[in-house]
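S.K.: See data.pdb below, with PDB, C-alpha atoms.
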ATOM      1  CA  MET N  82     -22.137 179.421 -72.021
ATOM      2  CA  THR N  83     -24.942 181.892 -71.306
ATOM      3  CA  LEU N  84     -27.590 182.325 -68.635
ATOM      4  CA  LEU N  85     -30.172 181.774 -71.379
ATOM      5  CA  GLN N  86     -28.745 178.324 -72.118
ATOM      6  CA  LEU N  87     -28.853 177.464 -68.416
ATOM      7  CA  ARG N  88     -32.491 178.537 -68.263
ATOM      8  CA  TYR N  89     -33.194 176.321 -71.284
ATOM      9  CA  ILE N  90     -31.713 173.284 -69.517
ATOM     10  CA  VAL N  91     -33.711 173.870 -66.334
ATOM     11  CA  LYS N  92     -36.955 174.388 -68.268
ATOM     12  CA  ILE N  93     -36.422 171.218 -70.319
ATOM     13  CA  VAL N  94     -35.983 169.228 -67.102
ATOM     14  CA  GLU N  95     -39.068 170.837 -65.559
ATOM     15  CA  CYS N  96     -41.190 170.098 -68.626
ATOM     16  CA  GLY N  97     -39.799 166.628 -69.208
ATOM     17  CA  SER N  98     -39.596 167.054 -72.972
ATOM     18  CA  MET N  99     -37.964 169.256 -75.553
ATOM     19  CA  ASN N 100     -41.293 169.906 -77.276
ATOM     20  CA  GLU N 101     -43.106 171.172 -74.156
ATOM     21  CA  ALA N 102     -40.103 173.264 -73.148
ATOM     22  CA  SER N 103     -39.981 174.952 -76.554
ATOM     23  CA  HIS N 104     -43.646 175.967 -76.177
ATOM     24  CA  ALA N 105     -43.076 177.265 -72.631
ATOM     25  CA  LEU N 106     -40.023 179.240 -73.724
ATOM     26  CA  TYR N 107     -41.585 180.502 -76.983
ATOM     27  CA  VAL N 108     -38.611 179.085 -78.871
ATOM     28  CA  SER N 109     -38.762 176.725 -81.837
ATOM     29  CA  GLN N 110     -37.795 173.157 -81.023
ATOM     30  CA  PRO N 111     -34.911 173.103 -83.573
ATOM     31  CA  ALA N 112     -33.480 176.304 -82.071
ATOM     32  CA  LEU N 113     -33.784 174.877 -78.562
ATOM     33  CA  SER N 114     -32.142 171.592 -79.545
ATOM     34  CA  SER N 115     -29.359 173.454 -81.334
ATOM     35  CA  SER N 116     -28.682 175.611 -78.261
ATOM     36  CA  VAL N 117     -28.456 172.562 -75.992
ATOM     37  CA  LYS N 118     -26.161 170.778 -78.447
ATOM     38  CA  GLU N 119     -23.854 173.815 -78.628
ATOM     39  CA  LEU N 120     -23.610 173.842 -74.842
ATOM     40  CA  GLU N 121     -22.826 170.118 -74.721
ATOM     41  CA  ASN N 122     -20.106 170.545 -77.328
ATOM     42  CA  GLU N 123     -18.621 173.502 -75.466
ATOM     43  CA  LEU N 124     -18.478 171.619 -72.172
ATOM     44  CA  GLY N 125     -17.501 168.283 -73.648
ATOM     45  CA  ILE N 126     -20.298 166.397 -71.872
ATOM     46  CA  GLU N 127     -23.661 164.930 -72.754
ATOM     47  CA  ILE N 128     -26.423 166.539 -70.675
ATOM     48  CA  PHE N 129     -29.366 164.590 -72.072
ATOM     49  CA  THR N 130     -29.814 161.154 -73.614
ATOM     50  CA  ARG N 131     -32.253 161.190 -76.502
ATOM     51  CA  SER N 132     -34.465 158.285 -77.527
ATOM     52  CA  SER N 133     -37.847 157.580 -79.059
ATOM     53  CA  GLN N 134     -39.279 157.739 -75.520
ATOM     54  CA  GLY N 135     -37.980 161.272 -75.033
ATOM     55  CA  ILE N 136     -35.020 162.715 -73.177
ATOM     56  CA  ALA N 137     -33.403 161.957 -69.826
ATOM     57  CA  LEU N 138     -30.597 163.505 -67.804
ATOM     58  CA  THR N 139     -27.239 161.762 -67.901
ATOM     59  CA  VAL N 140     -25.071 161.483 -64.775
ATOM     60  CA  ASP N 141     -23.064 164.460 -66.015
ATOM     61  CA  GLY N 142     -26.305 166.247 -66.821
ATOM     62  CA  ALA N 143     -27.661 165.766 -63.286
ATOM     63  CA  GLU N 144     -24.481 167.224 -61.810
ATOM     64  CA  PHE N 145     -24.534 170.084 -64.310
ATOM     65  CA  LEU N 146     -28.166 170.841 -63.415
ATOM     66  CA  THR N 147     -27.188 171.351 -59.763
ATOM     67  CA  TYR N 148     -24.562 173.933 -60.679
ATOM     68  CA  ALA N 149     -26.834 175.580 -63.257
ATOM     69  CA  ARG N 150     -29.555 176.132 -60.663
ATOM     70  CA  GLN N 151     -27.014 177.672 -58.261
ATOM     71  CA  VAL N 152     -25.831 180.091 -60.951
ATOM     72  CA  LEU N 153     -29.392 181.045 -61.858
ATOM     73  CA  ASP N 154     -30.287 181.589 -58.199
ATOM     74  CA  GLN N 155     -27.339 183.971 -57.875
ATOM     75  CA  ALA N 156     -28.333 185.743 -61.082
ATOM     76  CA  ASP N 157     -31.856 186.196 -59.729
ATOM     77  CA  LEU N 158     -30.442 187.702 -56.530
ATOM     78  CA  LEU N 159     -28.389 190.152 -58.581
ATOM     79  CA  GLU N 160     -31.450 191.199 -60.564
ATOM     80  CA  GLU N 161     -33.477 191.612 -57.389
ATOM     81  CA  ARG N 162     -30.697 193.682 -55.815
ATOM     82  CA  TYR N 163     -30.153 196.054 -58.713
ATOM     83  CA  LYS N 164     -33.343 196.054 -60.800
ATOM     84  CA  ASN N 165     -35.999 196.598 -58.166
ATOM     85  CA  ALA N 166     -37.606 199.999 -57.871
ATOM     86  CA  LYS N 167     -36.500 200.615 -54.276
ATOM     87  CA  PRO N 168     -33.724 203.167 -53.697
ATOM     88  CA  ARG N 169     -30.338 201.501 -53.533
ATOM     89  CA  LYS N 170     -28.661 201.178 -50.168
ATOM     90  CA  GLN N 171     -25.903 203.606 -49.294
ATOM     91  CA  LEU N 172     -22.691 201.554 -49.162
ATOM     92  CA  CYS N 173     -19.254 202.338 -47.773
ATOM     93  CA  SER N 174     -16.410 200.284 -46.290
ATOM     94  CA  VAL N 175     -13.392 201.703 -44.471
ATOM     95  CA  SER N 176     -10.375 199.911 -42.987
ATOM     96  CA  THR N 177      -8.360 201.779 -40.399
ATOM     97  CA  GLN N 178      -5.761 201.570 -37.722
ATOM     98  CA  HIS N 179      -7.200 202.115 -34.255
ATOM     99  CA  TYR N 180      -7.973 205.833 -34.353
ATOM    100  CA  MET N 181     -10.778 207.486 -32.438
ATOM    101  CA  PHE N 182     -11.033 210.286 -35.003
ATOM    102  CA  ALA N 183     -11.733 207.712 -37.743
ATOM    103  CA  VAL N 184     -14.695 206.346 -35.768
ATOM    104  CA  GLU N 185     -15.904 209.831 -34.868
ATOM    105  CA  ALA N 186     -15.931 210.793 -38.560
ATOM    106  CA  PHE N 187     -17.765 207.568 -39.400
ATOM    107  CA  VAL N 188     -20.508 208.487 -36.942
ATOM    108  CA  GLU N 189     -20.731 211.975 -38.454
ATOM    109  CA  MET N 190     -20.942 210.512 -41.946
ATOM    110  CA  ILE N 191     -23.791 208.147 -41.029
ATOM    111  CA  ASN N 192     -25.719 210.913 -39.280
ATOM    112  CA  SER N 193     -25.449 213.080 -42.400
ATOM    113  CA  PHE N 194     -27.397 210.595 -44.528
ATOM    114  CA  LYS N 195     -31.167 210.671 -44.688
ATOM    115  CA  SER N 196     -31.465 207.361 -46.520
ATOM    116  CA  ASP N 197     -33.900 204.761 -45.200
ATOM    117  CA  GLU N 198     -31.435 202.013 -46.062
ATOM    118  CA  TYR N 199     -27.660 201.819 -45.822
ATOM    119  CA  GLU N 200     -24.923 199.328 -45.190
ATOM    120  CA  PHE N 201     -21.670 200.690 -43.819
ATOM    121  CA  THR N 202     -18.596 198.782 -42.653
ATOM    122  CA  ILE N 203     -15.639 200.021 -40.614
ATOM    123  CA  ARG N 204     -12.817 197.643 -39.783
ATOM    124  CA  GLU N 205     -10.287 198.539 -37.100
ATOM    125  CA  THR N 206      -7.574 196.105 -38.039
ATOM    126  CA  ARG N 207      -3.874 195.406 -38.573
ATOM    127  CA  THR N 208      -1.756 197.533 -40.895
ATOM    128  CA  LYS N 209      -1.089 194.799 -43.445
ATOM    129  CA  ASP N 210      -4.795 193.852 -43.515
ATOM    130  CA  ILE N 211      -5.732 197.472 -44.232
ATOM    131  CA  ILE N 212      -3.431 197.501 -47.249
ATOM    132  CA  ASN N 213      -4.705 194.156 -48.538
ATOM    133  CA  GLN N 214      -8.371 195.052 -48.041
ATOM    134  CA  VAL N 215      -8.033 198.253 -50.071
ATOM    135  CA  ALA N 216      -5.967 196.432 -52.700
ATOM    136  CA  ASN N 217      -8.685 193.762 -52.988
ATOM    137  CA  MET N 218     -11.393 196.468 -52.959
ATOM    138  CA  ARG N 219     -13.031 195.098 -49.826
ATOM    139  CA  SER N 220     -12.665 198.647 -48.527
ATOM    140  CA  GLU N 221     -12.760 201.867 -50.492
ATOM    141  CA  ILE N 222     -10.557 203.724 -48.028
ATOM    142  CA  GLY N 223      -7.781 202.742 -45.640
ATOM    143  CA  ILE N 224      -6.405 204.961 -42.878
ATOM    144  CA  LEU N 225      -2.828 204.570 -41.626
ATOM    145  CA  TYR N 226       0.303 206.573 -40.902
ATOM    146  CA  LEU N 227       3.787 206.951 -42.296
ATOM    147  CA  SER N 228       6.912 207.874 -40.345
ATOM    148  CA  ASP N 229      10.599 208.241 -41.063
ATOM    149  CA  TYR N 230      10.994 204.643 -39.899
ATOM    150  CA  ASN N 231       8.318 202.869 -41.940
ATOM    151  CA  THR N 232       7.811 205.078 -44.998
ATOM    152  CA  HIS N 233      10.137 203.146 -47.324
ATOM    153  CA  VAL N 234       8.681 199.723 -46.510
ATOM    154  CA  ILE N 235       5.027 200.816 -46.446
ATOM    155  CA  GLY N 236       5.497 203.008 -49.509
ATOM    156  CA  LYS N 237       7.013 200.145 -51.501
ATOM    157  CA  MET N 238       4.128 197.863 -50.526
ATOM    158  CA  LEU N 239       1.569 200.486 -51.562
ATOM    159  CA  ARG N 240       3.189 200.951 -54.960
ATOM    160  CA  GLU N 241       3.331 197.212 -55.602
ATOM    161  CA  LYS N 242      -0.396 196.931 -54.886
ATOM    162  CA  HIS N 243      -1.335 200.005 -56.975
ATOM    163  CA  LEU N 244      -2.433 202.020 -53.956
ATOM    164  CA  GLU N 245      -2.138 205.775 -53.471
ATOM    165  CA  PHE N 246      -1.368 207.499 -50.169
ATOM    166  CA  HIS N 247      -3.052 210.865 -49.547
ATOM    167  CA  PRO N 248      -1.723 212.789 -46.520
ATOM    168  CA  LEU N 249      -4.261 214.228 -44.089
ATOM    169  CA  PHE N 250      -2.270 215.802 -41.254
ATOM    170  CA  ARG N 251       0.991 215.538 -39.353
ATOM    171  CA  ALA N 252       0.787 214.790 -35.649
ATOM    172  CA  PRO N 253       3.433 215.171 -32.950
ATOM    173  CA  LEU N 254       3.595 212.040 -30.808
ATOM    174  CA  HIS N 255       1.598 211.700 -27.615
ATOM    175  CA  VAL N 256       0.853 208.928 -25.156
ATOM    176  CA  PHE N 257      -2.466 207.778 -23.775
ATOM    177  CA  ILE N 258      -2.340 207.330 -20.002
ATOM    178  CA  SER N 259      -4.878 207.129 -17.195
ATOM    179  CA  LYS N 260      -5.786 210.355 -15.412
ATOM    180  CA  ASP N 261      -4.806 208.507 -12.236
ATOM    181  CA  ASN N 262      -1.299 207.812 -13.541
ATOM    182  CA  PRO N 263       1.484 209.528 -11.515
ATOM    183  CA  LEU N 264       2.699 211.113 -14.781
ATOM    184  CA  SER N 265      -0.634 212.830 -15.429
ATOM    185  CA  MET N 266       0.603 216.131 -13.922
ATOM    186  CA  LYS N 267       3.568 216.422 -16.311
ATOM    187  CA  LYS N 268       3.434 218.674 -19.374
ATOM    188  CA  LYS N 269       5.637 216.241 -21.350
ATOM    189  CA  VAL N 270       6.895 212.744 -20.749
ATOM    190  CA  THR N 271       9.935 210.852 -21.964
ATOM    191  CA  MET N 272      10.300 207.170 -22.735
ATOM    192  CA  ASP N 273      12.433 206.939 -19.565
ATOM    193  CA  ASP N 274       9.533 208.367 -17.537
ATOM    194  CA  LEU N 275       7.312 205.607 -18.918
ATOM    195  CA  LYS N 276       9.655 202.681 -18.146
ATOM    196  CA  PRO N 277       7.912 201.602 -14.906
ATOM    197  CA  PHE N 278       4.545 201.291 -16.659
ATOM    198  CA  PRO N 279       3.230 198.549 -18.983
ATOM    199  CA  PHE N 280       3.695 199.331 -22.662
ATOM    200  CA  ILE N 281       0.580 198.349 -24.623
ATOM    201  CA  GLN N 282       0.734 197.891 -28.377
ATOM    202  CA  TYR N 283      -1.501 196.581 -31.130
ATOM    203  CA  GLU N 284      -0.569 193.074 -32.221
ATOM    204  CA  GLN N 285       0.266 192.795 -35.928
ATOM    205  CA  GLY N 286       0.065 189.021 -36.433
ATOM    206  CA  GLU N 287       2.663 186.428 -37.342
ATOM    207  CA  GLU N 288       3.771 188.352 -40.432
ATOM    208  CA  GLY N 289       3.929 191.638 -38.578
ATOM    209  CA  SER N 290       7.100 193.602 -38.034
ATOM    210  CA  PHE N 291       8.085 196.906 -36.502
ATOM    211  CA  PHE N 292       7.450 198.490 -39.914
ATOM    212  CA  PHE N 293       3.737 197.675 -39.536
ATOM    213  CA  ALA N 294       3.466 198.767 -35.888
ATOM    214  CA  GLU N 295       0.765 201.310 -35.094
ATOM    215  CA  GLU N 296       3.057 202.922 -32.535
ATOM    216  CA  ALA N 297       5.533 205.282 -34.194
ATOM    217  CA  VAL N 298       8.072 204.773 -31.386
ATOM    218  CA  TRP N 299       8.479 202.148 -28.680
ATOM    219  CA  PRO N 300      10.750 201.567 -25.698
ATOM    220  CA  GLU N 301      14.159 200.018 -26.339
ATOM    221  CA  TYR N 302      13.293 197.534 -23.618
ATOM    222  CA  SER N 303      10.043 197.191 -21.727
ATOM    223  CA  PRO N 304       9.883 194.756 -18.805
ATOM    224  CA  LYS N 305       6.083 194.981 -18.969
ATOM    225  CA  GLN N 306       4.503 194.647 -22.391
ATOM    226  CA  ILE N 307       0.970 193.732 -23.444
ATOM    227  CA  ASN N 308      -0.154 193.008 -27.011
ATOM    228  CA  VAL N 309      -3.817 193.575 -27.844
ATOM    229  CA  THR N 310      -6.026 193.479 -30.923
ATOM    230  CA  ASP N 311      -8.784 195.994 -30.206
ATOM    231  CA  ARG N 312      -9.126 199.531 -28.945
ATOM    232  CA  ALA N 313     -11.585 198.784 -26.123
ATOM    233  CA  THR N 314      -9.081 196.400 -24.551
ATOM    234  CA  ILE N 315      -6.218 198.858 -24.778
ATOM    235  CA  LEU N 316      -8.298 201.547 -23.086
ATOM    236  CA  ASN N 317      -9.259 199.172 -20.282
ATOM    237  CA  PHE N 318      -5.620 198.225 -19.715
ATOM    238  CA  ILE N 319      -4.580 201.885 -19.647
ATOM    239  CA  ILE N 320      -7.152 202.515 -16.937
ATOM    240  CA  GLY N 321      -6.847 199.263 -14.995
ATOM    241  CA  LEU N 322      -3.091 198.631 -15.215
ATOM    242  CA  ASN N 323      -1.730 202.176 -15.514
ATOM    243  CA  GLY N 324      -0.407 201.233 -18.930
ATOM    244  CA  TYR N 325       0.383 203.527 -21.833
ATOM    245  CA  THR N 326       0.483 203.515 -25.611
ATOM    246  CA  VAL N 327       1.817 205.910 -28.242
ATOM    247  CA  CYS N 328      -0.801 207.836 -30.230
ATOM    248  CA  THR N 329      -1.575 210.902 -32.339
ATOM    249  CA  GLY N 330      -2.915 212.911 -29.433
ATOM    250  CA  ILE N 331      -6.452 213.142 -30.781
ATOM    251  CA  ASP N 332      -8.755 212.164 -27.940
ATOM    252  CA  ASN N 333     -12.500 211.828 -27.720
ATOM    253  CA  GLY N 334     -14.006 212.027 -24.251
ATOM    254  CA  ASP N 335     -17.190 210.291 -25.359
ATOM    255  CA  LEU N 336     -15.221 207.184 -26.296
ATOM    256  CA  ASN N 337     -13.049 206.789 -23.186
ATOM    257  CA  ASN N 338     -15.436 207.906 -20.439
ATOM    258  CA  GLU N 339     -13.121 210.794 -19.566
ATOM    259  CA  LYS N 340     -10.768 208.478 -17.671
ATOM    260  CA  ILE N 341      -7.896 208.742 -20.131
ATOM    261  CA  MET N 342      -5.765 211.693 -21.146
ATOM    262  CA  THR N 343      -3.055 212.420 -23.696
ATOM    263  CA  ILE N 344       0.349 213.898 -22.898
ATOM    264  CA  PRO N 345       2.937 215.022 -25.475
ATOM    265  CA  LEU N 346       5.903 212.697 -25.842
ATOM    266  CA  ASP N 347       9.291 214.414 -25.697
ATOM    267  CA  THR N 348      10.559 213.416 -29.156
ATOM    268  CA  ASP N 349      11.136 214.935 -32.572
ATOM    269  CA  GLU N 350       9.374 212.019 -34.274
ATOM    270  CA  THR N 351       5.980 212.662 -35.907
ATOM    271  CA  MET N 352       3.230 210.659 -37.594
ATOM    272  CA  LEU N 353       1.960 211.535 -41.072
ATOM    273  CA  LEU N 354      -1.641 210.359 -41.052
ATOM    274  CA  GLY N 355      -3.323 209.730 -44.366
ATOM    275  CA  TRP N 356      -5.760 207.654 -46.348
ATOM    276  CA  ILE N 357      -5.080 205.140 -49.076
ATOM    277  CA  THR N 358      -7.193 204.161 -52.026
ATOM    278  CA  ASN N 359      -6.904 201.837 -54.986
ATOM    279  CA  GLU N 360      -5.666 203.801 -57.994
ATOM    280  CA  ARG N 361      -7.873 201.635 -60.232
ATOM    281  CA  ALA N 362     -11.079 202.532 -58.403
ATOM    282  CA  LYS N 363     -13.217 205.657 -58.284
ATOM    283  CA  LEU N 364     -14.479 206.677 -54.860
ATOM    284  CA  SER N 365     -18.208 206.478 -54.297
ATOM    285  CA  LYS N 366     -20.161 209.538 -53.219
ATOM    286  CA  THR N 367     -20.522 208.002 -49.768
ATOM    287  CA  ALA N 368     -16.772 207.450 -49.428
ATOM    288  CA  GLN N 369     -16.148 211.050 -50.466
ATOM    289  CA  THR N 370     -18.598 212.195 -47.801
ATOM    290  CA  TYR N 371     -16.649 210.191 -45.236
ATOM    291  CA  LEU N 372     -13.424 211.899 -46.269
ATOM    292  CA  ASP N 373     -15.085 215.301 -45.905
ATOM    293  CA  LYS N 374     -16.284 214.407 -42.400
ATOM    294  CA  LEU N 375     -12.847 213.006 -41.561
ATOM    295  CA  LYS N 376     -11.200 216.313 -42.441
ATOM    296  CA  GLU N 377     -13.812 218.236 -40.442
ATOM    297  CA  VAL N 378     -13.237 216.096 -37.343
ATOM    298  CA  ILE N 379      -9.452 216.400 -37.586
ATOM    299  CA  ALA N 380      -9.673 220.180 -38.051
ATOM    300  CA  ASN N 381     -12.041 220.454 -35.079
ATOM    301  CA  HIS N 382      -9.387 218.754 -32.963
ATOM    302  CA  GLY N 383      -6.968 221.555 -33.842
ATOM    303  CA  TYR N 384      -4.863 219.942 -36.572
ATOM    304  CA  THR N 385      -4.060 221.491 -39.934
ATOM    305  CA  ILE N 386      -5.301 219.521 -42.932
ATOM    306  CA  ILE N 387      -2.722 218.937 -45.644
ATOM    307  CA  SER N 388      -4.125 219.929 -49.050
ATOM    308  CA  ASP N 389      -4.044 217.249 -51.740
TER     309      ASP N 389
END
Rewrite the structure from the file as structure tokens, please.
M.R.:
Amino acid sequence: MTLLQLRYIVKIVECGSMNEASHALYVSQPALSSSVKELENELGIEIFTRSSQGIALTVDGAEFLTYARQVLDQADLLEERYKNAKPRKQLCSVSTQHYMFAVEAFVEMINSFKSDEYEFTIRETRTKDIINQVANMRSEIGILYLSDYNTHVIGKMLREKHLEFHPLFRAPLHVFISKDNPLSMKKKVTMDDLKPFPFIQYEQGEEGSFFFAEEAVWPEYSPKQINVTDRATILNFIIGLNGYTVCTGIDNGDLNNEKIMTIPLDTDETMLLGWITNERAKLSKTAQTYLDKLKEVIANHGYTIISD
């Protein structure tokens, strides 16, 4: 089946006869009839009934015509999108865990483009969704972390889905707390220090597990625990409820209204932050620009970039 055959069917219906359609299409009538017959044989249906009075759509033909027009409409949209003379939109999609530096780099990337048209997507989402979106090529890049605890499980999942992990930097663990929190004067805090305060973590869905948690460590038992799905909510709870969450330590005053601070967590655990990509795909120029901005932002925050 070809788009040309579909166009033949639609034109025949519009003209009401094979003869008029052949003139409109600049195709001989025998060639047109042969093409229609080949399509009918391929599909195993009769599209037209033929008689001395002309041709008419069968029941199957009427249904087929509906689908044919849908396919042709989509084909026309594709041609309009890619064949017009206008410059193509800049495109880039990124899926990430809830990191301020990832958003900051995204802003820098957009500001670096002088294009009149672009379409960028950034998804702050769950760990498993990040992996699936890059595997399905909904996103070119995914940003997540590995630790001693999750590296075997996450690594196995990445290999099974033909994804590659590229390390960016290693971060000692910190916590986000409010500047009004009683612990804000300490140089370091322990998990015991944090026990009286609500522990806030990103919810990972019904299929989630500790291996997919965005927090590299968590309390053995927390009498006060809140699960959230977005970064704005977690920041509000840190401010309003004196809660805390575990993080990389990279802060951005513009994003939290200077009401939140980071304090080092007294632990030997670290987070290896990196980006994942589909090994079967080649990064676009826009995605590469994002990676360059990402490394610049991370370096500006005082972290050493790990060379590929």
S.K.: Pick out the closest residue to Asn323 in chain N from this set: N:Leu275, N:Ile128, N:Met238, N:Ile379. Count all atoms listed in the file.
M.R.: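 Between N:Leu275, N:Ile128, N:Met238, N:Ile379, the residue approaching Asn323 in chain N most closely is N:Leu275.
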S.K.: Just want the 7 Å neighbourhood of Gly355 in chain N, counted on all atoms listed in the file, with same-chain residues fewer than 6 positions away dropped. Output as a ChimeraX atom specification.
M.R.: /N:224-226,246-250
S.K.: Running the PyMOL selection byres ((chain N and resi 101-106) around 12) on this model by hand, what would come out? Give it as a ChimeraX atom specification.
M.R.: /N:85-86,88-100,107-117,135-136
S.K.: So that I can see what lies close to Ser365 in chain N, please list as a VMD selection string the residues with an atom at most 10 Å from it, counting only C-alpha atoms and leaving out residues fewer than 6 positions away in the same chain.
M.R.: chain N and resid 171 to 173 221 371
S.K.: Which neighbours of Val378 in chain N fall inside 12 Å, counting only C-alpha atoms, when residues of the same chain fewer than 2 positions from it are skipped, and could you give them as a ChimeraX atom specification?
M.R.: /N:180-190,249-250,331-333,371-376,380-386
S.K.: Which distance in Å separates CA of Lys269 in chain N and CA of Leu346 in chain N, to one decimal?
M.R.: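 Result for CA of Lys269 in chain N versus CA of Leu346 in chain N: 5.7 Å, one decimal.
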S.K.: Run the PyMOL selection byres ((chain N and resi 291) around 12) against the file shown and list the residues it catches, as a ChimeraX atom specification.
M.R.: /N:208-209,228,230-232,234-235,282-290,292-299
S.K.: Write out, as a PDB file, keeping the file's coordinate frame, the residues just selected, with C-alpha atoms.
M.R.:
ATOM      1  CA  THR N 208      -1.756 197.533 -40.895  1.00  0.00           C
ATOM      2  CA  LYS N 209      -1.089 194.799 -43.445  1.00  0.00           C
ATOM      3  CA  SER N 228       6.912 207.874 -40.345  1.00  0.00           C
ATOM      4  CA  TYR N 230      10.994 204.643 -39.899  1.00  0.00           C
ATOM      5  CA  ASN N 231       8.318 202.869 -41.940  1.00  0.00           C
ATOM      6  CA  THR N 232       7.811 205.078 -44.998  1.00  0.00           C
ATOM      7  CA  VAL N 234       8.681 199.723 -46.510  1.00  0.00           C
ATOM      8  CA  ILE N 235       5.027 200.816 -46.446  1.00  0.00           C
ATOM      9  CA  GLN N 282       0.734 197.891 -28.377  1.00  0.00           C
ATOM     10  CA  TYR N 283      -1.501 196.581 -31.130  1.00  0.00           C
ATOM     11  CA  GLU N 284      -0.569 193.074 -32.221  1.00  0.00           C
ATOM     12  CA  GLN N 285       0.266 192.795 -35.928  1.00  0.00           C
ATOM     13  CA  GLY N 286       0.065 189.021 -36.433  1.00  0.00           C
ATOM     14  CA  GLU N 287       2.663 186.428 -37.342  1.00  0.00           C
ATOM     15  CA  GLU N 288       3.771 188.352 -40.432  1.00  0.00           C
ATOM     16  CA  GLY N 289       3.929 191.638 -38.578  1.00  0.00           C
ATOM     17  CA  SER N 290       7.100 193.602 -38.034  1.00  0.00           C
ATOM     18  CA  PHE N 292       7.450 198.490 -39.914  1.00  0.00           C
ATOM     19  CA  PHE N 293       3.737 197.675 -39.536  1.00  0.00           C
ATOM     20  CA  ALA N 294       3.466 198.767 -35.888  1.00  0.00           C
ATOM     21  CA  GLU N 295       0.765 201.310 -35.094  1.00  0.00           C
ATOM     22  CA  GLU N 296       3.057 202.922 -32.535  1.00  0.00           C
ATOM     23  CA  ALA N 297       5.533 205.282 -34.194  1.00  0.00           C
ATOM     24  CA  VAL N 298       8.072 204.773 -31.386  1.00  0.00           C
ATOM     25  CA  TRP N 299       8.479 202.148 -28.680  1.00  0.00           C
TER      26      TRP N 299
END
S.K.: My list of candidates is N:Pro263, N:Glu144, N:Lys276, N:Gln178. Which is closest to Ile222 in chain N when distances are computed with only C-alpha atoms?
M.R.: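 Once distances to Ile222 in chain N are computed over only C-alpha atoms, the minimum belongs to N:Gln178.
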S.K.: Can you measure CA of Ile126 in chain N to CA of Leu146 in chain N for me? One decimal in Å is fine.
M.R.: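 Interatomic distance here is 12.4 Å.
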S.K.: Taking into account all atoms listed in the file, which residue in the set N:Thr326, N:Ile315, N:Leu239, N:Arg251 is nearest to Phe280 in chain N?
M.R.: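 Closest to Phe280 in chain N of all the choices is N:Thr326.
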S.K.: Under the rule that all atoms listed in the file are counted, which of N:Ala313, N:Met266, N:Ala252, N:Leu354 is the nearest residue to Gly330 in chain N?
M.R.: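 Closest to Gly330 in chain N of all the choices is N:Ala252.
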S.K.: Please compute the CA of Ile341 in chain N-CA of Ile258 in chain N distance, one decimal, in Å.
M.R.: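 Spanning CA of Ile341 in chain N to CA of Ile258 in chain N is a straight-line distance of 5.7 Å.
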S.K.: Residues picked by the PyMOL selection byres ((chain N and resi 348) around 8) here, as a list in words?
M.R.: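 Applied to this file, the PyMOL selection byres ((chain N and resi 348) around 8) returns Leu254, Thr271, Leu346, Asp347, Asp349 and Glu350 of chain N.
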S.K.: Point out the residue among N:Phe257, N:Phe145, N:Trp356, N:Tyr325 with the least atom-to-atom distance to Gly125 in chain N, counting all atoms listed in the file.
M.R.: N:Phe145
S.K.: Name the residues in contact with His255 in chain N at a cut-off of 8 Å, using all atoms listed in the file, excluding same-chain residues fewer than 5 positions from it; report them as a list in words.
M.R.: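 So, after excluding close chain neighbours, the residues are Val327, Cys328, Thr329, Gly330, Thr343, Ile344, Pro345 and Leu346 of chain N.
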S.K.: Could you write those residues out with C-alpha atoms, as a CSV table (one decimal), in the coordinates of the input?
M.R.:
chain,number,residue,atom,x,y,z
N,327,VAL,CA,1.8,205.9,-28.2
N,328,CYS,CA,-0.8,207.8,-30.2
N,329,THR,CA,-1.6,210.9,-32.3
N,330,GLY,CA,-2.9,212.9,-29.4
N,343,THR,CA,-3.1,212.4,-23.7
N,344,ILE,CA,0.3,213.9,-22.9
N,345,PRO,CA,2.9,215.0,-25.5
N,346,LEU,CA,5.9,212.7,-25.8
S.K.: Which residue, N:Gly324, N:Leu264, N:Ala143, N:Gln306, has the smallest gap to Phe278 in chain N when you use only C-alpha atoms?
M.R.: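 So, comparing all the options, the nearest one is N:Gly324.
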S.K.: Mind rebuilding range 309-316 of chain N with N, CA and C atoms and writing that out as an mmCIF file, in the frame of the given file?
M.R.:
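rebuild-v8.cif, written as the output of this step:
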data_model
loop_
_atom_site.group_PDB
_atom_site.id
_atom_site.type_symbol
_atom_site.label_atom_id
_atom_site.label_comp_id
_atom_site.auth_asym_id
_atom_site.auth_seq_id
_atom_site.Cartn_x
_atom_site.Cartn_y
_atom_site.Cartn_z
ATOM 1 N N VAL N 309 -2.357 193.667 -27.750
ATOM 2 C CA VAL N 309 -3.817 193.575 -27.844
ATOM 3 C C VAL N 309 -4.238 193.688 -29.305
ATOM 4 N N THR N 310 -5.518 193.415 -29.553
ATOM 5 C CA THR N 310 -6.026 193.479 -30.923
ATOM 6 C C THR N 310 -7.143 194.498 -31.100
ATOM 7 N N ASP N 311 -7.693 195.039 -30.014
ATOM 8 C CA ASP N 311 -8.784 195.994 -30.206
ATOM 9 C C ASP N 311 -8.645 197.178 -29.265
ATOM 10 N N ARG N 312 -9.290 198.265 -29.656
ATOM 11 C CA ARG N 312 -9.126 199.531 -28.945
ATOM 12 C C ARG N 312 -9.781 199.516 -27.572
ATOM 13 N N ALA N 313 -10.919 198.839 -27.427
ATOM 14 C CA ALA N 313 -11.585 198.784 -26.123
ATOM 15 C C ALA N 313 -10.683 198.136 -25.075
ATOM 16 N N THR N 314 -9.978 197.084 -25.482
ATOM 17 C CA THR N 314 -9.081 196.400 -24.551
ATOM 18 C C THR N 314 -7.930 197.296 -24.140
ATOM 19 N N ILE N 315 -7.362 198.000 -25.099
ATOM 20 C CA ILE N 315 -6.218 198.858 -24.778
ATOM 21 C C ILE N 315 -6.624 199.976 -23.819
ATOM 22 N N LEU N 316 -7.826 200.503 -23.984
ATOM 23 C CA LEU N 316 -8.298 201.547 -23.086
ATOM 24 C C LEU N 316 -8.517 200.999 -21.683
#
